[in-house]
$ cat final-v4.tsv   # TSV, C-alpha atoms
chain	number	residue	atom	x	y	z
A	183	MET	CA	35.99	38.52	4.07
A	184	ASP	CA	37.55	41.53	2.30
A	185	SER	CA	41.18	41.87	3.46
A	186	GLY	CA	41.23	45.65	3.05
A	187	LYS	CA	38.05	45.97	5.10
A	188	LEU	CA	39.48	43.67	7.79
A	189	LEU	CA	42.61	45.83	8.09
A	190	GLY	CA	40.52	49.00	8.39
A	191	GLU	CA	38.21	47.45	10.99
A	192	TYR	CA	41.20	46.26	12.99
A	193	LEU	CA	42.86	49.68	13.03
A	194	GLN	CA	39.62	51.36	14.02
A	195	ALA	CA	38.89	48.88	16.82
A	196	ARG	CA	42.40	49.10	18.28
A	197	ARG	CA	42.44	52.91	18.02
A	198	LYS	CA	39.29	53.08	20.14
A	199	LEU	CA	40.97	51.01	22.86
A	200	VAL	CA	43.88	53.45	23.32
A	201	THR	CA	43.33	56.45	25.60
A	202	PRO	CA	45.24	59.73	25.15
A	203	ASP	CA	46.63	59.43	28.69
A	204	GLU	CA	48.22	56.08	27.85
A	205	ILE	CA	50.39	57.63	25.15
A	206	GLY	CA	51.03	60.97	26.85
A	207	LEU	CA	48.71	63.20	24.80
A	208	LYS	CA	47.41	66.32	26.51
A	209	HIS	CA	43.71	66.64	27.28
A	210	SER	CA	41.98	68.21	24.27
A	211	GLY	CA	38.37	68.59	25.32
A	212	ARG	CA	35.40	66.27	25.44
A	213	ARG	CA	35.41	63.29	23.08
A	214	ARG	CA	32.31	61.90	21.39
A	215	THR	CA	33.89	58.46	20.94
A	216	PRO	CA	36.38	56.53	23.09
A	217	GLY	CA	40.04	56.23	22.24
A	218	LEU	CA	42.18	58.26	19.86
A	219	ARG	CA	41.01	60.44	17.02
A	220	ARG	CA	42.09	59.64	13.48
A	221	GLU	CA	44.28	62.73	13.27
A	222	GLU	CA	46.00	61.73	16.51
A	223	MET	CA	46.73	58.25	15.16
A	224	ALA	CA	48.05	59.74	11.93
A	225	TYR	CA	50.33	62.10	13.88
A	226	LEU	CA	51.69	59.28	16.05
A	227	ALA	CA	52.32	57.05	13.02
A	228	GLY	CA	53.93	59.86	11.00
A	229	VAL	CA	51.43	59.74	8.10
A	230	SER	CA	48.87	62.20	6.81
A	231	THR	CA	45.33	62.15	8.21
A	232	ASP	CA	43.99	61.53	4.69
A	233	TYR	CA	46.26	58.50	4.20
A	234	TYR	CA	45.33	57.03	7.58
A	235	SER	CA	41.62	57.61	6.87
A	236	ARG	CA	41.98	55.66	3.61
A	237	LEU	CA	43.53	52.79	5.57
A	238	GLU	CA	40.56	52.61	7.94
A	239	GLN	CA	38.10	52.88	5.07
A	240	GLY	CA	39.75	50.00	3.20
A	241	ARG	CA	40.73	52.21	0.26
A	242	GLU	CA	44.49	51.92	0.89
A	243	ARG	CA	45.50	48.26	0.59
A	244	ASN	CA	49.29	48.28	0.33
A	245	PRO	CA	50.84	49.98	3.35
A	246	SER	CA	54.59	49.58	3.57
A	247	ASP	CA	56.29	47.66	6.35
A	248	GLN	CA	57.58	50.99	7.65
A	249	VAL	CA	54.03	52.30	7.99
A	250	LEU	CA	52.84	49.08	9.61
A	251	SER	CA	55.70	49.22	12.11
A	252	ALA	CA	54.79	52.84	12.96
A	253	LEU	CA	51.12	51.90	13.41
A	254	ALA	CA	52.05	49.00	15.69
A	255	ARG	CA	54.13	51.34	17.87
A	256	ALA	CA	51.39	53.98	17.97
A	257	LEU	CA	48.81	51.39	19.03
A	258	ASP	CA	51.26	49.78	21.49
A	259	LEU	CA	50.58	46.34	20.00
A	260	ASP	CA	52.13	43.24	21.52
A	261	SER	CA	53.93	40.73	19.29
A	262	GLU	CA	50.80	38.66	18.53
A	263	SER	CA	48.73	41.75	17.67
A	264	ALA	CA	51.53	43.18	15.50
A	265	GLN	CA	51.82	39.84	13.69
A	266	HIS	CA	48.07	39.96	13.05
A	267	LEU	CA	48.39	43.51	11.68
A	268	TYR	CA	51.00	42.38	9.15
A	269	ALA	CA	48.88	39.35	8.19
A	270	LEU	CA	45.90	41.60	7.46
A	271	ALA	CA	48.00	43.97	5.37
A	272	HIS	CA	49.66	41.16	3.40
A	273	PRO	CA	47.14	38.27	3.26
A	274	ARG	CA	48.39	35.01	1.83
A	275	THR	CA	46.95	33.73	-1.43
A	276	ARG	CA	44.52	30.84	-1.10
A	277	ARG	CA	45.58	27.91	-3.27
A	278	GLY	CA	42.07	26.63	-3.75
A	279	THR	CA	38.60	26.93	-2.27
A	280	PRO	CA	37.57	23.83	-0.32
A	281	ALA	CA	34.37	22.22	-1.54
A	282	SER	CA	33.12	21.46	1.97
A	283	ARG	CA	33.97	21.81	5.65
A	284	VAL	CA	35.02	18.16	5.88
A	285	GLU	CA	38.56	17.73	7.20
A	286	ARG	CA	40.41	14.43	7.48
A	287	VAL	CA	42.65	13.18	10.27
A	288	SER	CA	45.57	11.00	9.18
A	289	PRO	CA	45.54	7.32	10.23
A	290	MET	CA	48.93	7.73	11.94
A	291	LEU	CA	47.64	10.60	14.07
A	292	MET	CA	44.55	8.58	14.98
A	293	ARG	CA	46.75	5.68	16.14
A	294	LEU	CA	48.83	8.09	18.21
A	295	LEU	CA	45.72	9.40	19.99
A	296	ARG	CA	44.43	5.92	20.74
A	297	GLY	CA	47.75	5.00	22.33
A	298	TRP	CA	47.42	7.66	25.03
A	299	ASN	CA	45.30	6.10	27.76
A	300	HIS	CA	46.00	8.57	30.57
A	301	THR	CA	46.30	11.85	28.65
A	302	PRO	CA	43.27	13.60	27.08
A	303	ALA	CA	44.09	14.51	23.49
A	304	LEU	CA	42.08	15.77	20.55
A	305	VAL	CA	42.56	17.12	17.04
A	306	LEU	CA	40.93	20.43	16.12
A	307	GLY	CA	40.18	21.76	12.65
A	308	ARG	CA	40.68	25.35	11.54
A	309	TRP	CA	37.17	26.29	12.75
A	310	MET	CA	37.68	24.55	16.14
A	311	ASP	CA	35.67	21.52	15.02
A	312	VAL	CA	36.63	18.45	17.07
A	313	LEU	CA	37.89	16.06	14.39
A	314	ALA	CA	39.14	13.25	16.62
A	315	THR	CA	39.49	12.40	20.32
A	316	ASN	CA	40.93	9.61	22.39
A	317	GLN	CA	38.78	7.81	24.96
A	318	ILE	CA	39.71	9.91	27.99
A	319	ALA	CA	39.19	13.20	26.11
A	320	GLU	CA	35.75	12.01	25.04
A	321	ALA	CA	34.97	11.27	28.69
A	322	LEU	CA	36.15	14.76	29.67
A	323	TYR	CA	33.71	16.53	27.31
A	324	ASP	CA	30.97	13.90	27.34
A	325	GLY	CA	27.37	15.06	27.74
A	326	LEU	CA	28.04	18.72	26.86
A	327	ALA	CA	25.95	20.21	24.07
A	328	HIS	CA	27.93	21.43	21.02
A	329	ASN	CA	30.99	19.45	22.10
A	330	ASP	CA	31.72	18.78	18.41
A	331	ASN	CA	32.98	22.38	18.13
A	332	LEU	CA	34.76	24.01	21.08
A	333	ILE	CA	33.95	27.66	20.35
A	334	ARG	CA	30.26	26.87	19.81
A	335	MET	CA	30.27	24.91	23.06
A	336	VAL	CA	31.75	27.87	24.97
A	337	PHE	CA	29.33	30.50	23.69
A	338	LEU	CA	26.15	28.54	22.90
A	339	ASN	CA	26.03	26.07	25.81
A	340	PRO	CA	25.17	27.66	29.19
A	341	GLU	CA	26.61	24.63	31.00
A	342	SER	CA	30.08	25.57	29.76
A	343	ARG	CA	30.15	28.36	32.37
A	344	ASP	CA	30.20	25.67	35.05
A	345	PHE	CA	32.42	23.27	33.11
A	346	TYR	CA	35.23	25.83	32.71
A	347	VAL	CA	36.46	27.18	36.04
A	348	ASP	CA	37.53	30.47	34.41
A	349	TRP	CA	34.89	30.77	31.69
A	350	GLU	CA	35.61	34.45	30.95
A	351	LYS	CA	39.26	33.73	30.17
A	352	VAL	CA	38.38	30.74	27.99
A	353	ALA	CA	35.74	32.74	26.10
A	354	TYR	CA	38.18	35.60	25.50
A	355	HIS	CA	40.86	33.24	24.18
A	356	LYS	CA	38.43	31.36	21.92
A	357	ALA	CA	37.11	34.56	20.31
A	358	ALA	CA	40.63	35.97	19.96
A	359	HIS	CA	41.89	32.73	18.40
A	360	LEU	CA	39.07	32.77	15.85
A	361	ARG	CA	39.88	36.41	15.07
A	362	ALA	CA	43.52	35.43	14.47
A	363	ALA	CA	42.37	32.64	12.13
A	364	ALA	CA	40.29	35.15	10.18
A	365	GLY	CA	43.38	37.30	9.68
A	366	THR	CA	45.57	34.50	8.37
A	367	ASP	CA	42.95	33.30	5.89
A	368	PRO	CA	40.47	36.11	5.08
A	369	ASP	CA	39.14	34.27	2.01
A	370	ASP	CA	37.92	31.27	4.02
A	371	PRO	CA	34.36	30.66	2.70
A	372	PHE	CA	33.05	28.98	5.86
A	373	LEU	CA	34.35	31.23	8.63
A	374	PRO	CA	31.72	33.99	8.07
A	375	GLU	CA	28.95	31.43	8.64
A	376	LEU	CA	30.37	30.49	12.04
A	377	VAL	CA	30.91	34.14	13.03
A	378	GLU	CA	27.36	35.04	11.99
A	379	GLU	CA	25.87	32.18	14.01
A	380	LEU	CA	27.86	33.05	17.14
A	381	SER	CA	27.13	36.78	16.79
A	382	GLU	CA	23.39	36.21	16.46
A	383	GLU	CA	23.12	33.86	19.44
A	384	SER	CA	25.71	35.21	21.89
A	385	ASP	CA	25.96	38.80	23.13
A	386	GLU	CA	29.27	37.98	24.81
A	387	PHE	CA	30.81	36.71	21.59
A	388	ARG	CA	29.58	39.77	19.72
A	389	ARG	CA	31.23	42.05	22.30
A	390	LEU	CA	34.54	40.18	22.24
A	391	TRP	CA	34.55	39.91	18.44
A	392	ALA	CA	34.18	43.69	18.13
A	393	ARG	CA	37.40	44.21	20.12
A	394	HIS	CA	39.51	42.53	17.40
A	395	ASP	CA	41.82	40.99	20.01
A	396	VAL	CA	43.97	38.12	18.75
A	397	HIS	CA	45.39	35.10	20.55
A	398	PHE	CA	47.37	32.15	19.26
A	399	LYS	CA	47.19	28.79	21.02
A	400	LYS	CA	50.14	28.07	23.30
A	401	HIS	CA	51.11	26.51	26.62
A	402	GLU	CA	48.47	27.38	29.23
A	403	SER	CA	46.74	26.01	32.31
A	404	LYS	CA	42.98	25.38	32.31
A	405	GLY	CA	40.59	24.49	35.09
A	406	PHE	CA	37.64	22.16	34.51
A	407	HIS	CA	34.82	21.03	36.73
A	408	HIS	CA	33.70	17.56	35.66
A	409	ARG	CA	30.36	16.31	36.98
A	410	ASP	CA	31.80	12.88	37.91
A	411	VAL	CA	35.33	13.56	39.17
A	412	GLY	CA	35.20	17.21	40.27
A	413	ARG	CA	37.89	19.85	39.78
A	414	LEU	CA	40.68	19.22	37.25
A	415	THR	CA	43.61	21.55	36.57
A	416	LEU	CA	45.27	20.59	33.29
A	417	VAL	CA	48.16	22.05	31.33
A	418	CYS	CA	47.29	22.36	27.65
A	419	GLU	CA	49.91	22.08	24.92
A	420	SER	CA	49.07	22.84	21.29
A	421	PHE	CA	50.94	21.40	18.28
A	422	THR	CA	50.50	22.31	14.62
A	423	VAL	CA	49.81	19.37	12.33
A	424	ASN	CA	52.13	20.16	9.42
A	425	SER	CA	50.64	17.48	7.18
A	426	ALA	CA	47.18	19.08	7.45
A	427	PRO	CA	47.29	22.92	7.41
A	428	GLY	CA	44.87	24.40	9.91
A	429	GLN	CA	44.71	21.34	12.15
A	430	GLN	CA	46.07	21.34	15.70
A	431	LEU	CA	46.76	18.60	18.20
A	432	LEU	CA	45.80	19.50	21.79
A	433	ILE	CA	47.17	17.53	24.73
A	434	PHE	CA	46.08	17.98	28.36
A	435	GLN	CA	48.41	16.88	31.15
A	436	ALA	CA	48.18	16.79	34.95
A	437	GLU	CA	50.98	17.48	37.41
A	438	PRO	CA	52.46	14.15	38.60
A	439	GLY	CA	51.12	13.10	41.99
A	440	SER	CA	48.39	15.74	41.99
A	441	LEU	CA	44.69	15.29	42.75
A	442	THR	CA	44.05	16.05	39.10
A	443	GLU	CA	46.19	13.06	38.08
A	444	LYS	CA	44.03	10.86	40.31
A	445	GLY	CA	40.92	12.47	38.83
A	446	LEU	CA	42.12	11.68	35.30
A	447	ALA	CA	42.70	8.06	36.30
A	448	MET	CA	39.13	7.89	37.56
A	449	LEU	CA	37.88	9.62	34.42
A	450	GLY	CA	39.68	7.02	32.33
A	451	SER	CA	37.99	4.27	34.35
A	452	ILE	CA	34.60	5.85	33.80
A	453	GLY	CA	35.31	6.14	30.08
A	454	SER	CA	36.28	2.47	29.94
A	455	LEU	CA	33.11	1.61	31.85
A	456	ASP	CA	30.97	3.50	29.35
A	457	VAL	CA	32.65	1.71	26.43
A	458	SER	CA	32.19	-1.70	28.11
A	459	MET	CA	28.55	-1.00	28.82
A	460	SER	CA	27.97	0.28	25.29
A	461	ASP	CA	29.50	-2.89	23.87
A	462	SER	CA	27.49	-5.15	26.20
A	463	LEU	CA	24.22	-3.55	25.18
A	464	VAL	CA	24.71	-4.28	21.47
A	465	PRO	CA	24.28	-7.86	20.17
A	466	SER	CA	27.53	-9.23	18.75
A	467	PRO	CA	26.42	-9.49	15.08
A	468	ALA	CA	25.35	-5.83	15.07
A	469	ARG	CA	28.28	-4.43	17.06
A	470	ALA	CA	29.34	-1.00	15.86
A	471	PRO	CA	32.69	-0.82	14.01
A	472	MET	CA	35.79	0.84	15.43
A	473	VAL	CA	36.09	4.61	15.10
A	474	PRO	CA	37.19	5.31	11.50
A	475	VAL	CA	40.66	6.67	10.92
A	476	THR	CA	39.14	9.69	9.20
A	477	ALA	CA	36.36	11.82	10.55
A	478	PRO	CA	34.31	14.73	9.15
A	479	ALA	CA	34.76	18.16	10.67
A	480	THR	CA	31.10	18.54	11.49
A	481	MET	CA	30.15	15.50	13.50
A	482	PRO	CA	26.86	15.21	15.40
A	483	ALA	CA	27.06	15.99	19.09
A	484	LYS	CA	27.80	12.90	21.16
A	485	ALA	CA	24.85	11.50	23.08
A	486	PRO	CA	24.98	11.93	26.87
A	487	VAL	CA	26.24	8.97	28.88
A	488	ALA	CA	22.79	8.37	30.36
A	489	ALA	CA	21.23	8.18	26.90
A	490	ARG	CA	23.79	5.66	25.72
A	491	ARG	CA	23.21	3.46	28.78
A	492	SER	CA	19.45	3.26	28.25
A	493	THR	CA	19.54	1.30	24.98
A	494	GLY	CA	18.47	-2.30	25.54
A	495	ARG	CA	18.72	-1.94	29.33
A	496	GLU	CA	15.97	-4.48	30.06
A	497	SER	CA	17.64	-7.37	28.23
A	498	VAL	CA	20.91	-7.11	30.20
A	499	ASP	CA	19.66	-5.75	33.51
A	500	PRO	CA	21.93	-7.82	35.84
A	501	GLU	CA	25.10	-6.84	33.98
A	502	THR	CA	24.06	-3.20	33.84
A	503	LYS	CA	23.47	-3.20	37.60
A	504	GLU	CA	26.96	-4.58	38.17
A	505	MET	CA	28.48	-1.85	35.98
A	506	ASN	CA	26.53	0.85	37.82
A	507	ALA	CA	27.70	-0.56	41.15
A	508	ARG	CA	31.33	-0.33	40.01
A	509	HIS	CA	30.72	3.24	38.86
A	510	ALA	CA	29.25	4.15	42.25
A	511	MET	CA	32.23	2.54	44.00
A	512	TRP	CA	34.68	4.74	42.07
A	513	GLN	CA	32.69	7.86	42.84
A	514	LYS	CA	32.60	6.98	46.56
A	515	ALA	CA	36.36	6.38	46.57
A	516	TRP	CA	36.90	9.79	45.00

$ encode --input "final-v4.tsv" --output "structure tokens"
Amino acid sequence: MDSGKLLGEYLQARRKLVTPDEIGLKHSGRRRTPGLRREEMAYLAGVSTDYYSRLEQGRERNPSDQVLSALARALDLDSESAQHLYALAHPRTRRGTPASRVERVSPMLMRLLRGWNHTPALVLGRWMDVLATNQIAEALYDGLAHNDNLIRMVFLNPESRDFYVDWEKVAYHKAAHLRAAAGTDPDDPFLPELVEELSEESDEFRRLWARHDVHFKKHESKGFHHRDVGRLTLVCESFTVNSAPGQQLLIFQAEPGSLTEKGLAMLGSIGSLDVSMSDSLVPSPARAPMVPVTAPATMPAKAPVAARRSTGRESVDPETKEMNARHAMWQKAW
């Protein structure tokens, strides 16, 4: 992605979202396009129309901080959007081009995730690939197509509209977060592939991407509707993994004593049940190894619970029936 082009596209997109009334400009006749005209933006920012036009066309690549500050004021940008503007104007230098999309999760971080039995937690890569999960987080997203990448799951899986209580808000934040990532690392060789795929297959993503809104992960509440335990309202906290640039640790918590806390406990029980059943259906000599401490960024989508239960069902039918009965008991109690 060309940094000068990205800056020009951002200015143009944000200019079209500002109406003359919002900044106190008098009505000046019918407009062929929404938002401000270039000459109006140049006037508000205190630069010439020719200079501002060069900025939008990507021909002016070194605007001063004074000019950037004036543009941010003229566009009425919030702190996140202004930060994105500066990042586009002064992109950081990439230290090396990665050979592949594979990202590794440290063994210590993997052990930390496995130690949390009642709190869903996962590690995301820079492209929102799910690099690692603990057992309860896997149960939360289990059975959803594209659950190996959260932004692909939101825009390419129709079931996500039921899974997320406020799908529109989640979709907006996911697109805006990806846009922010594009600004901090415009030379990323893999990001254009993801954007192209999403743009081709999702009209909603294409519309949101064209707005050039930015959003950085932070403390926020999210509502989920899980097919087994019902409605869950979880507070999401995001932490940067300093030892692996681009990776983030996401933790979901429930309010103590809430129905969601009880739902998470049931979800953890269901996850344990699935693991027990999976183990019981595999002969001991061929038992699958523990999850590795490192995981590739692009992992195959996890098989639905029903698919995992079907393997070898006939040979252990009595035990499987007992497990299903316990599952049904938990659902009835809920």

$ closest_residue --input "final-v4.tsv" --among "A:Gly445, A:Gly307, A:Gly439, A:Pro340" --to "Ser384 (chain A)" --atoms "all atoms listed in the file"
A:Pro340

$ atom_distance --input "final-v4.tsv" --atom1 "CA of Ile452 (chain A)" --atom2 "CA of Asp410 (chain A)"
8.6 Å

$ closest_residue --input "final-v4.tsv" --among "A:Leu431, A:Leu189, A:Ala364, A:Met223" --to "Val305 (chain A)" --atoms "only C-alpha atoms"
A:Leu431

$ closest_residue --input "final-v4.tsv" --among "A:Asp370, A:Ile433, A:Arg219, A:Glu320" --to "Thr231 (chain A)" --atoms "only C-alpha atoms"
A:Arg219

$ closest_residue --input "final-v4.tsv" --among "A:Leu322, A:Leu193, A:Leu414, A:Leu432" --to "Met310 (chain A)" --atoms "only C-alpha atoms"
A:Leu432

$ atom_distance --input "final-v4.tsv" --atom1 "CA of Asn299 (chain A)" --atom2 "CA of Leu332 (chain A)"
21.8 Å

$ atom_distance --input "final-v4.tsv" --atom1 "CA of Ala392 (chain A)" --atom2 "CA of Glu238 (chain A)"
15.0 Å

$ closest_residue --input "final-v4.tsv" --among "A:Val423, A:Val352, A:Val377, A:Leu416" --to "Pro438 (chain A)" --atoms "all atoms listed in the file"
A:Leu416

$ residues_around --input "final-v4.tsv" --residues "His397 (chain A)" --least-positions-apart "6" --cutoff "7 Å" --atoms "all atoms listed in the file" --output "list in words"
Glu262, His355, Ala358, His359 and Ala362 of chain A

$ closest_residue --input "final-v4.tsv" --among "A:Thr415, A:Gln429, A:Asn331, A:Thr301" --to "Ile318 (chain A)" --atoms "all atoms listed in the file"
A:Thr301

$ residues_around --input "final-v4.tsv" --residues "Ala357 (chain A)" --least-positions-apart "6" --cutoff "10 Å" --atoms "all atoms listed in the file" --output "PyMOL selection string"
chain A and resi 333+336-337+363+377+380+386-397

$ residues_around --input "final-v4.tsv" --residues "Gln239 (chain A)" --least-positions-apart "3" --cutoff "12 Å" --atoms "all atoms listed in the file" --output "short mmCIF file (atom, residue, chain, number, x, y, z; two decimals) with C-alpha atoms, keeping the file's coordinate frame"
data_model
loop_
_atom_site.label_atom_id
_atom_site.label_comp_id
_atom_site.auth_asym_id
_atom_site.auth_seq_id
_atom_site.Cartn_x
_atom_site.Cartn_y
_atom_site.Cartn_z
CA ASP A 184 37.55 41.53 2.30
CA SER A 185 41.18 41.87 3.46
CA GLY A 186 41.23 45.65 3.05
CA LYS A 187 38.05 45.97 5.10
CA LEU A 188 39.48 43.67 7.79
CA LEU A 189 42.61 45.83 8.09
CA GLY A 190 40.52 49.00 8.39
CA GLU A 191 38.21 47.45 10.99
CA TYR A 192 41.20 46.26 12.99
CA LEU A 193 42.86 49.68 13.03
CA GLN A 194 39.62 51.36 14.02
CA ARG A 220 42.09 59.64 13.48
CA ASP A 232 43.99 61.53 4.69
CA TYR A 233 46.26 58.50 4.20
CA TYR A 234 45.33 57.03 7.58
CA SER A 235 41.62 57.61 6.87
CA ARG A 236 41.98 55.66 3.61
CA GLU A 242 44.49 51.92 0.89
CA ARG A 243 45.50 48.26 0.59
#

$ residues_around --input "final-v4.tsv" --residues "Gly365 (chain A)" --least-positions-apart "4" --cutoff "8 Å" --atoms "only C-alpha atoms" --output "PyMOL selection string"
chain A and resi 188+266+269-270+273+361

$ write_last_selection --input "final-v4.tsv" --atoms "C-alpha atoms" --output "CSV table (one decimal), in the frame of the given file"
chain,number,residue,atom,x,y,z
A,188,LEU,CA,39.5,43.7,7.8
A,266,HIS,CA,48.1,40.0,13.0
A,269,ALA,CA,48.9,39.4,8.2
A,270,LEU,CA,45.9,41.6,7.5
A,273,PRO,CA,47.1,38.3,3.3
A,361,ARG,CA,39.9,36.4,15.1

$ decode --input "final-v4.tsv" --residues "region 337-345 of chain A" --atoms "all heavy atoms" --output "CSV table (one decimal), in the first residue's frame"
chain,number,residue,atom,x,y,z
A,337,PHE,N,-17.7,-10.8,8.6
A,337,PHE,CA,-18.2,-10.4,7.3
A,337,PHE,C,-18.5,-11.5,6.4
A,337,PHE,O,-19.3,-11.3,5.4
A,337,PHE,CB,-17.2,-9.4,6.7
A,337,PHE,CG,-17.2,-8.1,7.3
A,337,PHE,CD1,-16.1,-7.8,8.2
A,337,PHE,CD2,-18.2,-7.1,7.1
A,337,PHE,CE1,-16.1,-6.5,8.8
A,337,PHE,CE2,-18.1,-5.9,7.7
A,337,PHE,CZ,-17.1,-5.6,8.6
A,338,LEU,N,-18.0,-12.7,6.6
A,338,LEU,CA,-18.2,-13.8,5.6
A,338,LEU,C,-19.0,-14.9,6.1
A,338,LEU,O,-19.4,-15.8,5.3
A,338,LEU,CB,-16.8,-14.3,5.1
A,338,LEU,CG,-15.8,-13.3,4.5
A,338,LEU,CD1,-14.6,-14.1,4.0
A,338,LEU,CD2,-16.5,-12.5,3.4
A,339,ASN,N,-19.4,-14.9,7.4
A,339,ASN,CA,-20.3,-15.9,8.0
A,339,ASN,C,-21.6,-15.3,8.4
A,339,ASN,O,-21.7,-14.5,9.3
A,339,ASN,CB,-19.6,-16.5,9.2
A,339,ASN,CG,-20.4,-17.6,9.8
A,339,ASN,OD1,-21.5,-18.0,9.3
A,339,ASN,ND2,-20.0,-18.2,10.9
A,340,PRO,N,-22.7,-15.6,7.6
A,340,PRO,CA,-24.0,-15.1,8.0
A,340,PRO,C,-24.4,-15.4,9.4
A,340,PRO,O,-25.2,-14.6,10.0
A,340,PRO,CB,-24.9,-15.7,6.9
A,340,PRO,CG,-24.1,-16.1,5.8
A,340,PRO,CD,-22.7,-16.5,6.5
A,341,GLU,N,-24.0,-16.5,10.0
A,341,GLU,CA,-24.4,-16.8,11.3
A,341,GLU,C,-23.9,-15.8,12.4
A,341,GLU,O,-24.4,-15.8,13.5
A,341,GLU,CB,-23.9,-18.2,11.7
A,341,GLU,CG,-24.6,-19.3,10.9
A,341,GLU,CD,-24.1,-20.7,11.3
A,341,GLU,OE1,-23.3,-20.8,12.2
A,341,GLU,OE2,-24.6,-21.7,10.7
A,342,SER,N,-22.8,-15.1,12.0
A,342,SER,CA,-22.3,-14.1,13.0
A,342,SER,C,-23.3,-13.0,13.3
A,342,SER,O,-23.2,-12.4,14.4
A,342,SER,CB,-21.0,-13.5,12.4
A,342,SER,OG,-21.3,-12.6,11.3
A,343,ARG,N,-24.2,-12.8,12.4
A,343,ARG,CA,-25.3,-11.7,12.7
A,343,ARG,C,-26.2,-12.2,13.9
A,343,ARG,O,-26.7,-11.3,14.6
A,343,ARG,CB,-26.1,-11.5,11.5
A,343,ARG,CG,-25.3,-10.8,10.4
A,343,ARG,CD,-26.1,-10.6,9.1
A,343,ARG,NE,-25.4,-9.9,8.1
A,343,ARG,CZ,-25.4,-8.6,7.9
A,343,ARG,NH1,-26.1,-7.8,8.6
A,343,ARG,NH2,-24.7,-8.1,6.9
A,344,ASP,N,-26.3,-13.5,14.1
A,344,ASP,CA,-27.0,-14.0,15.3
A,344,ASP,C,-26.1,-14.1,16.5
A,344,ASP,O,-26.5,-13.9,17.6
A,344,ASP,CB,-27.7,-15.3,14.9
A,344,ASP,CG,-28.8,-15.2,13.9
A,344,ASP,OD1,-29.5,-14.2,13.8
A,344,ASP,OD2,-28.9,-16.1,13.0
A,345,PHE,N,-24.9,-14.5,16.2
A,345,PHE,CA,-23.9,-14.8,17.3
A,345,PHE,C,-23.6,-13.5,18.1
A,345,PHE,O,-23.6,-13.5,19.3
A,345,PHE,CB,-22.6,-15.3,16.7
A,345,PHE,CG,-21.5,-15.6,17.7
A,345,PHE,CD1,-21.7,-16.5,18.7
A,345,PHE,CD2,-20.4,-14.9,17.7
A,345,PHE,CE1,-20.7,-16.8,19.7
A,345,PHE,CE2,-19.3,-15.1,18.6
A,345,PHE,CZ,-19.5,-16.0,19.6
